[in-house]
file structure-v6.csv (CSV, C-alpha atoms)
chain,number,residue,atom,x,y,z
N,1,MET,CA,187.4,-205.0,54.8
N,2,ARG,CA,187.7,-208.4,53.1
N,3,GLY,CA,189.0,-211.3,55.1
N,4,SER,CA,190.3,-211.3,58.7
N,5,PRO,CA,191.9,-208.0,59.8
N,6,TYR,CA,195.5,-208.0,60.7
N,7,ILE,CA,195.0,-205.7,63.7
N,8,ALA,CA,191.7,-205.9,65.5
N,9,ALA,CA,190.8,-203.7,68.4
N,10,ASP,CA,187.5,-204.5,70.2
N,11,GLY,CA,186.0,-202.4,73.0
N,12,VAL,CA,189.3,-201.0,74.2
N,13,SER,CA,188.9,-198.9,77.3
N,14,VAL,CA,191.7,-197.3,79.3
N,15,THR,CA,191.3,-195.1,82.4
N,16,PHE,CA,194.3,-193.6,84.2
N,17,ARG,CA,194.0,-193.6,88.0
N,18,SER,CA,196.1,-191.7,90.6
N,19,ALA,CA,195.8,-191.4,94.3
N,20,ASN,CA,195.9,-187.6,94.1
N,21,ARG,CA,193.5,-187.0,91.2
N,22,ALA,CA,190.2,-188.1,89.8
N,23,PRO,CA,190.3,-190.9,87.3
N,24,VAL,CA,190.8,-189.9,83.6
N,25,ALA,CA,189.2,-192.0,81.0
N,26,ALA,CA,191.4,-191.9,77.9
N,27,LEU,CA,189.6,-194.4,75.7
N,28,ALA,CA,186.2,-195.9,75.9
N,29,ASP,CA,184.9,-198.9,73.8
N,30,PHE,CA,187.3,-198.1,71.0
N,31,ASP,CA,187.1,-200.4,67.9
N,32,LEU,CA,189.4,-200.6,64.9
N,33,ARG,CA,190.2,-202.9,62.0
N,34,VAL,CA,193.4,-202.7,60.0
N,35,ALA,CA,194.4,-204.9,57.1
N,36,ARG,CA,198.0,-206.1,56.6
N,37,GLY,CA,200.1,-203.5,54.9
N,38,GLN,CA,197.6,-200.6,55.3
N,39,PHE,CA,198.7,-197.1,56.4
N,40,VAL,CA,196.1,-195.8,58.9
N,41,SER,CA,196.2,-192.5,60.6
N,42,LEU,CA,194.5,-191.5,63.9
N,43,VAL,CA,193.4,-187.9,64.3
N,44,GLY,CA,191.4,-186.3,67.1
N,45,PRO,CA,191.5,-183.7,69.9
N,46,SER,CA,194.4,-183.5,72.3
N,47,GLY,CA,194.0,-186.0,75.1
N,48,CYS,CA,191.5,-188.3,73.3
N,49,GLY,CA,193.7,-191.4,73.7
N,50,LYS,CA,195.5,-191.6,70.3
N,51,SER,CA,198.9,-192.2,71.8
N,52,THR,CA,197.4,-194.4,74.6
N,53,PHE,CA,196.0,-196.7,71.9
N,54,LEU,CA,199.4,-197.0,70.3
N,55,ASN,CA,200.8,-198.0,73.6
N,56,VAL,CA,198.1,-200.7,74.0
N,57,VAL,CA,199.0,-202.0,70.5
N,58,LEU,CA,202.7,-201.9,71.4
N,59,GLY,CA,202.0,-203.9,74.6
N,60,LEU,CA,203.2,-201.3,77.1
N,61,GLN,CA,199.7,-200.2,78.3
N,62,ARG,CA,197.2,-202.7,79.5
N,63,ALA,CA,193.6,-202.0,78.6
N,64,ASP,CA,191.0,-202.0,81.4
N,65,ALA,CA,188.5,-203.6,79.1
N,66,GLY,CA,188.5,-205.0,75.6
N,67,GLU,CA,191.4,-206.4,73.6
N,68,VAL,CA,193.7,-205.9,70.7
N,69,ARG,CA,194.6,-208.9,68.5
N,70,ILE,CA,197.4,-209.0,65.9
N,71,ASP,CA,197.0,-211.7,63.3
N,72,GLY,CA,194.5,-213.4,65.6
N,73,ARG,CA,196.8,-213.4,68.7
N,74,ARG,CA,195.9,-211.3,71.7
N,75,VAL,CA,198.4,-208.6,72.6
N,76,ASP,CA,199.6,-209.1,76.2
N,77,GLY,CA,203.0,-207.4,76.0
N,78,PRO,CA,205.7,-206.0,73.7
N,79,ALA,CA,206.9,-208.3,70.9
N,80,PRO,CA,209.3,-208.1,68.0
N,81,ASP,CA,206.5,-207.7,65.4
N,82,ARG,CA,205.9,-204.1,66.6
N,83,ALA,CA,208.1,-201.0,66.8
N,84,MET,CA,207.5,-197.4,67.8
N,85,VAL,CA,208.8,-194.2,66.2
N,86,PHE,CA,208.5,-191.3,68.7
N,87,GLN,CA,208.2,-187.5,68.3
N,88,GLU,CA,211.2,-186.9,70.6
N,89,PHE,CA,213.6,-189.1,68.5
N,90,GLY,CA,214.8,-191.0,71.5
N,91,LEU,CA,218.4,-191.4,70.2
N,92,LEU,CA,221.2,-192.3,72.6
N,93,PRO,CA,223.5,-189.2,72.4
N,94,TRP,CA,226.7,-191.3,73.0
N,95,ARG,CA,226.1,-193.5,70.0
N,96,THR,CA,226.6,-192.7,66.4
N,97,ALA,CA,223.7,-192.8,63.9
N,98,GLU,CA,224.9,-196.2,62.8
N,99,ALA,CA,225.2,-197.5,66.4
N,100,ASN,CA,221.7,-196.1,67.2
N,101,VAL,CA,220.3,-198.1,64.3
N,102,GLU,CA,222.1,-201.2,65.5
N,103,LEU,CA,220.8,-201.0,69.1
N,104,GLY,CA,217.8,-203.3,68.8
N,105,LEU,CA,219.9,-205.9,66.9
N,106,GLU,CA,222.6,-205.7,69.5
N,107,LEU,CA,220.1,-206.3,72.3
N,108,ARG,CA,219.0,-209.4,70.4
N,109,GLY,CA,222.6,-210.7,70.2
N,110,MET,CA,223.1,-210.4,66.5
N,111,ALA,CA,226.7,-210.6,65.4
N,112,SER,CA,228.6,-207.4,64.8
N,113,ALA,CA,229.2,-207.9,61.1
N,114,GLU,CA,225.5,-208.7,60.4
N,115,ARG,CA,224.4,-205.7,62.5
N,116,ARG,CA,226.6,-203.4,60.5
N,117,ARG,CA,225.3,-204.8,57.2
N,118,ARG,CA,221.7,-204.3,58.3
N,119,ALA,CA,222.4,-200.8,59.6
N,120,THR,CA,224.1,-199.8,56.3
N,121,GLU,CA,221.1,-201.0,54.3
N,122,LEU,CA,218.7,-199.0,56.4
N,123,ILE,CA,220.8,-195.9,56.5
N,124,GLN,CA,220.8,-196.0,52.7
N,125,LEU,CA,217.1,-196.6,52.7
N,126,VAL,CA,216.3,-193.5,54.7
N,127,GLY,CA,218.8,-191.3,52.8
N,128,LEU,CA,221.5,-190.9,55.4
N,129,THR,CA,224.5,-192.4,53.6
N,130,GLY,CA,227.6,-190.5,54.6
N,131,PHE,CA,226.3,-189.7,58.1
N,132,GLU,CA,226.8,-193.1,59.7
N,133,ARG,CA,229.5,-191.8,62.1
N,134,HIS,CA,227.7,-188.7,63.1
N,135,TYR,CA,226.4,-188.3,66.6
N,136,PRO,CA,222.8,-187.0,67.3
N,137,HIS,CA,224.0,-183.5,68.2
N,138,GLU,CA,225.6,-183.3,64.8
N,139,LEU,CA,222.3,-184.1,62.9
N,140,SER,CA,219.3,-181.9,62.0
N,141,GLY,CA,215.9,-182.7,63.3
N,142,GLY,CA,214.9,-184.4,60.1
N,143,MET,CA,218.1,-186.5,60.1
N,144,LYS,CA,217.5,-187.6,63.7
N,145,GLN,CA,214.0,-188.7,62.8
N,146,ARG,CA,215.4,-190.7,59.8
N,147,VAL,CA,217.7,-192.4,62.3
N,148,GLY,CA,214.7,-193.2,64.5
N,149,LEU,CA,212.8,-194.7,61.5
N,150,ALA,CA,215.8,-196.8,60.5
N,151,ARG,CA,216.2,-198.0,64.1
N,152,ALA,CA,212.5,-199.0,64.2
N,153,LEU,CA,212.9,-200.9,60.9
N,154,ALA,CA,216.1,-202.6,61.9
N,155,THR,CA,214.4,-205.5,63.7
N,156,ASN,CA,212.1,-206.0,60.7
N,157,PRO,CA,208.8,-205.5,62.6
N,158,GLU,CA,205.5,-206.2,60.8
N,159,ILE,CA,203.9,-203.1,62.4
N,160,LEU,CA,205.2,-199.5,62.7
N,161,LEU,CA,203.6,-197.4,65.4
N,162,MET,CA,204.3,-193.7,64.8
N,163,ASP,CA,203.4,-191.2,67.4
N,164,GLU,CA,203.4,-187.7,65.9
N,165,PRO,CA,206.9,-188.4,64.5
N,166,PHE,CA,207.2,-185.1,62.5
N,167,ALA,CA,205.4,-182.7,64.9
N,168,ALA,CA,208.7,-181.1,66.1
N,169,LEU,CA,210.1,-180.5,62.6
N,170,ASP,CA,209.8,-177.2,60.7
N,171,ALA,CA,207.3,-177.1,57.8
N,172,GLN,CA,209.7,-177.8,55.0
N,173,THR,CA,211.5,-180.6,56.7
N,174,ARG,CA,208.1,-182.1,57.7
N,175,ASP,CA,207.0,-182.1,54.0
N,176,LEU,CA,210.3,-183.8,53.1
N,177,MET,CA,210.0,-186.4,55.8
N,178,GLN,CA,206.4,-187.3,54.7
N,179,ALA,CA,207.7,-187.9,51.2
N,180,GLU,CA,210.6,-190.0,52.6
N,181,LEU,CA,208.2,-192.0,54.8
N,182,LEU,CA,206.0,-192.8,51.8
N,183,ALA,CA,209.0,-193.9,49.8
N,184,VAL,CA,210.1,-196.2,52.6
N,185,TRP,CA,206.5,-197.5,53.0
N,186,GLU,CA,206.2,-198.2,49.3
N,187,ARG,CA,209.3,-200.4,49.5
N,188,THR,CA,208.6,-202.2,52.7
N,189,ARG,CA,204.8,-202.3,52.9
N,190,LYS,CA,204.7,-202.3,56.7
N,191,THR,CA,201.4,-202.0,58.5
N,192,VAL,CA,201.4,-198.4,59.9
N,193,LEU,CA,199.4,-196.8,62.6
N,194,PHE,CA,200.2,-193.1,62.5
N,195,VAL,CA,199.1,-190.5,65.1
N,196,THR,CA,199.0,-186.9,63.9
N,197,HIS,CA,197.2,-183.6,64.6
N,198,SER,CA,197.6,-182.5,61.0
N,199,ILE,CA,194.6,-183.2,58.7
N,200,GLU,CA,196.8,-182.6,55.6
N,201,GLU,CA,199.4,-185.0,56.8
N,202,ALA,CA,196.8,-187.7,57.5
N,203,ALA,CA,195.2,-187.2,54.1
N,204,TYR,CA,198.5,-187.3,52.3
N,205,LEU,CA,200.0,-190.4,53.9
N,206,SER,CA,197.1,-192.7,54.6
N,207,ASP,CA,194.9,-195.4,53.1
N,208,ARG,CA,192.3,-194.6,55.8
N,209,VAL,CA,191.8,-191.9,58.4
N,210,ILE,CA,190.2,-192.7,61.8
N,211,VAL,CA,188.6,-189.7,63.6
N,212,LEU,CA,188.4,-190.0,67.3
N,213,SER,CA,185.9,-188.3,69.6
N,214,ALA,CA,186.9,-186.0,72.4
N,215,ARG,CA,188.0,-187.8,75.6
N,216,PRO,CA,187.3,-190.5,76.2
N,217,GLY,CA,188.2,-191.5,72.7
N,218,ARG,CA,185.8,-193.4,70.6
N,219,SER,CA,185.9,-194.0,66.9
N,220,LYS,CA,183.7,-191.3,65.4
N,221,ALA,CA,184.3,-191.6,61.7
N,222,GLU,CA,186.3,-193.6,59.3
N,223,ILE,CA,187.3,-192.0,56.0
N,224,ASP,CA,188.7,-193.9,53.1
N,225,VAL,CA,191.5,-192.2,51.1
N,226,ARG,CA,191.0,-193.0,47.5
N,227,LEU,CA,193.8,-190.9,46.1
N,228,PRO,CA,196.2,-192.8,43.8
N,229,ARG,CA,199.6,-194.0,44.8
N,230,PRO,CA,202.5,-193.2,44.6
N,231,ARG,CA,201.7,-189.7,45.8
N,232,ASP,CA,203.6,-186.5,45.1
N,233,TYR,CA,203.5,-183.0,46.6
N,234,GLU,CA,201.6,-181.6,43.7
N,235,MET,CA,198.7,-183.9,44.5
N,236,ARG,CA,198.0,-181.7,47.6
N,237,LEU,CA,196.9,-178.9,45.2
N,238,SER,CA,194.1,-181.0,43.6
N,239,PRO,CA,190.4,-180.5,44.2
N,240,GLU,CA,190.1,-184.2,45.3
N,241,PHE,CA,192.7,-183.6,48.0
N,242,ASN,CA,191.0,-180.5,49.4
N,243,GLU,CA,187.6,-182.3,49.4
N,244,LEU,CA,189.3,-185.1,51.5
N,245,LYS,CA,190.7,-182.6,53.9
N,246,LEU,CA,187.2,-181.0,54.2
N,247,ALA,CA,185.6,-184.4,55.0
N,248,ILE,CA,188.1,-185.0,57.8
N,249,TRP,CA,187.6,-181.5,59.1
N,250,ASN,CA,183.8,-181.8,59.1
N,251,ALA,CA,184.1,-185.1,61.2
N,252,LEU,CA,186.6,-183.5,63.6
N,253,LYS,CA,185.5,-179.9,64.2
N,254,GLU,CA,182.8,-180.6,66.8
N,255,GLU,CA,185.1,-182.9,68.7
N,256,LEU,CA,187.8,-180.1,68.8
N,257,LYS,CA,185.2,-177.8,70.4
N,258,ALA,CA,184.2,-180.5,72.9
N,259,GLY,CA,187.8,-181.2,73.8
N,260,ALA,CA,188.8,-177.5,74.2

call {"tool": "encode", "arguments": {"input": "structure-v6.csv", "output": "structure tokens"}}
result
Amino acid sequence: MRGSPYIAADGVSVTFRSANRAPVAALADFDLRVARGQFVSLVGPSGCGKSTFLNVVLGLQRADAGEVRIDGRRVDGPAPDRAMVFQEFGLLPWRTAEANVELGLELRGMASAERRRRATELIQLVGLTGFERHYPHELSGGMKQRVGLARALATNPEILLMDEPFAALDAQTRDLMQAELLAVWERTRKTVLFVTHSIEEAAYLSDRVIVLSARPGRSKAEIDVRLPRPRDYEMRLSPEFNELKLAIWNALKEELKAGA
């Protein structure tokens, strides 16, 4: 990577301790470098610390050792330059789609008219125009995740942290949301850290794929994705795409056995 990394993780270790159970080491000496505007996916066995690392970057989880720096500044808590998109949507059921998108802006004290303008722009960006007044129970899973993405973008963070955001969706909706996410990313060029268990999803979305070892998670392999952008669904049928999936699988398969 040329120049200074935008996100730099050095020797990050996290162990969860409980009075009733033996300590569980989630991450051990984990390193990562991410350039500004890159889309980087993390794959690895269940329990290897992928989501834990996102929480460290977000500032909600303190590392026992090591550190994460963003643009040279050490992460010591949540900040407006980072936002999370969760698998479970996390929408407030008593607020409309528009009001959910406005939530972070409202908490910052932004004037109502400006909040509404920003929410309208983002609802259009994620393809939900016409559903502004709908409540979460009136939306499909894909629509709910679009609201979650728009809400994360509302405060204009530099970094999007995405924790298996499409895992709960059916296969067709998942494919559609991947394409929608790439379209949004092409327009905003946010720096993205994306956790997934899907090799195909990681290969399709990313500039780089980081393969983590079984718990405690360490960086086992880093795979550059040299497929051209913008990407379309048909690209997944190419020999190059299947070779990339195989490379990720070969780096991952022994770790899956170890973590089983």

call {"tool": "residues_near_point", "arguments": {"input": "structure-v6.csv", "point": "(185.2, -184.3, 55.6)", "cutoff": "12 Å", "atoms": "all atoms listed in the file", "output": "ChimeraX atom specification"}}
result
/N:199-200,203,209-211,221-225,240-253

call {"tool": "residues_around", "arguments": {"input": "structure-v6.csv", "residues": "N:Arg117", "least_positions_apart": "3", "cutoff": "12 Å", "atoms": "all atoms listed in the file", "output": "list in words"}}
result
Glu98, Ala99, Val101, Glu102, Leu105, Met110, Ala111, Ser112, Ala113, Glu114, Thr120, Glu121, Leu122, Ile123, Gln124 and Ala154 of chain N

call {"tool": "residues_near_point", "arguments": {"input": "structure-v6.csv", "point": "(204.1, -184.0, 53.9)", "cutoff": "9 Å", "atoms": "all atoms listed in the file", "output": "number ranges by chain"}}
result
N: 171-180, 200-202, 204-205, 233

call {"tool": "closest_residue", "arguments": {"input": "structure-v6.csv", "among": "N:Gly11, N:Pro228, N:Gly109, N:Gly44", "to": "N:Ala65", "atoms": "all atoms listed in the file"}}
result
N:Gly11

call {"tool": "closest_residue", "arguments": {"input": "structure-v6.csv", "among": "N:Ala168, N:Leu125, N:Ala8, N:Val40", "to": "N:Arg69", "atoms": "all atoms listed in the file"}}
result
N:Ala8

call {"tool": "closest_residue", "arguments": {"input": "structure-v6.csv", "among": "N:His137, N:Met143, N:Ser4, N:Asp163", "to": "N:Leu54", "atoms": "only C-alpha atoms"}}
result
N:Asp163

call {"tool": "atom_distance", "arguments": {"input": "structure-v6.csv", "atom1": "atom CA of N:Thr196", "atom2": "atom CA of N:Ser18"}}
result
27.3 Å

call {"tool": "residues_around", "arguments": {"input": "structure-v6.csv", "residues": "N:Pro157", "least_positions_apart": "4", "cutoff": "7 Å", "atoms": "only C-alpha atoms", "output": "ChimeraX atom specification"}}
result
/N:80-83,153

call {"tool": "residues_around", "arguments": {"input": "structure-v6.csv", "residues": "stretch 47-52 of chain N", "least_positions_apart": "2", "cutoff": "8 Å", "atoms": "only C-alpha atoms", "output": "list in words"}}
result
Val14, Ala26, Leu27, Leu42, Val43, Gly44, Pro45, Leu54, Asn55, Val56, Gln61, Asp163, Val195, Leu212, Ser213, Ala214, Arg215, Pro216, Gly217 and Gly259 of chain N

call {"tool": "closest_residue", "arguments": {"input": "structure-v6.csv", "among": "N:Val85, N:Arg95, N:Asp31, N:Arg151", "to": "N:Arg115", "atoms": "all atoms listed in the file"}}
result
N:Arg151

call {"tool": "closest_residue", "arguments": {"input": "structure-v6.csv", "among": "N:Ala183, N:Leu32, N:Leu92, N:Ala63", "to": "N:Pro230", "atoms": "all atoms listed in the file"}}
result
N:Ala183

call {"tool": "atom_distance", "arguments": {"input": "structure-v6.csv", "atom1": "atom CA of N:Ala28", "atom2": "atom CA of N:Val12"}}
result
6.2 Å

call {"tool": "atom_distance", "arguments": {"input": "structure-v6.csv", "atom1": "atom CA of N:Arg226", "atom2": "atom CA of N:Lys190"}}
result
18.9 Å

call {"tool": "closest_residue", "arguments": {"input": "structure-v6.csv", "among": "N:Tyr135, N:Phe166, N:Phe53, N:Tyr6", "to": "N:Ile70", "atoms": "all atoms listed in the file"}}
result
N:Tyr6
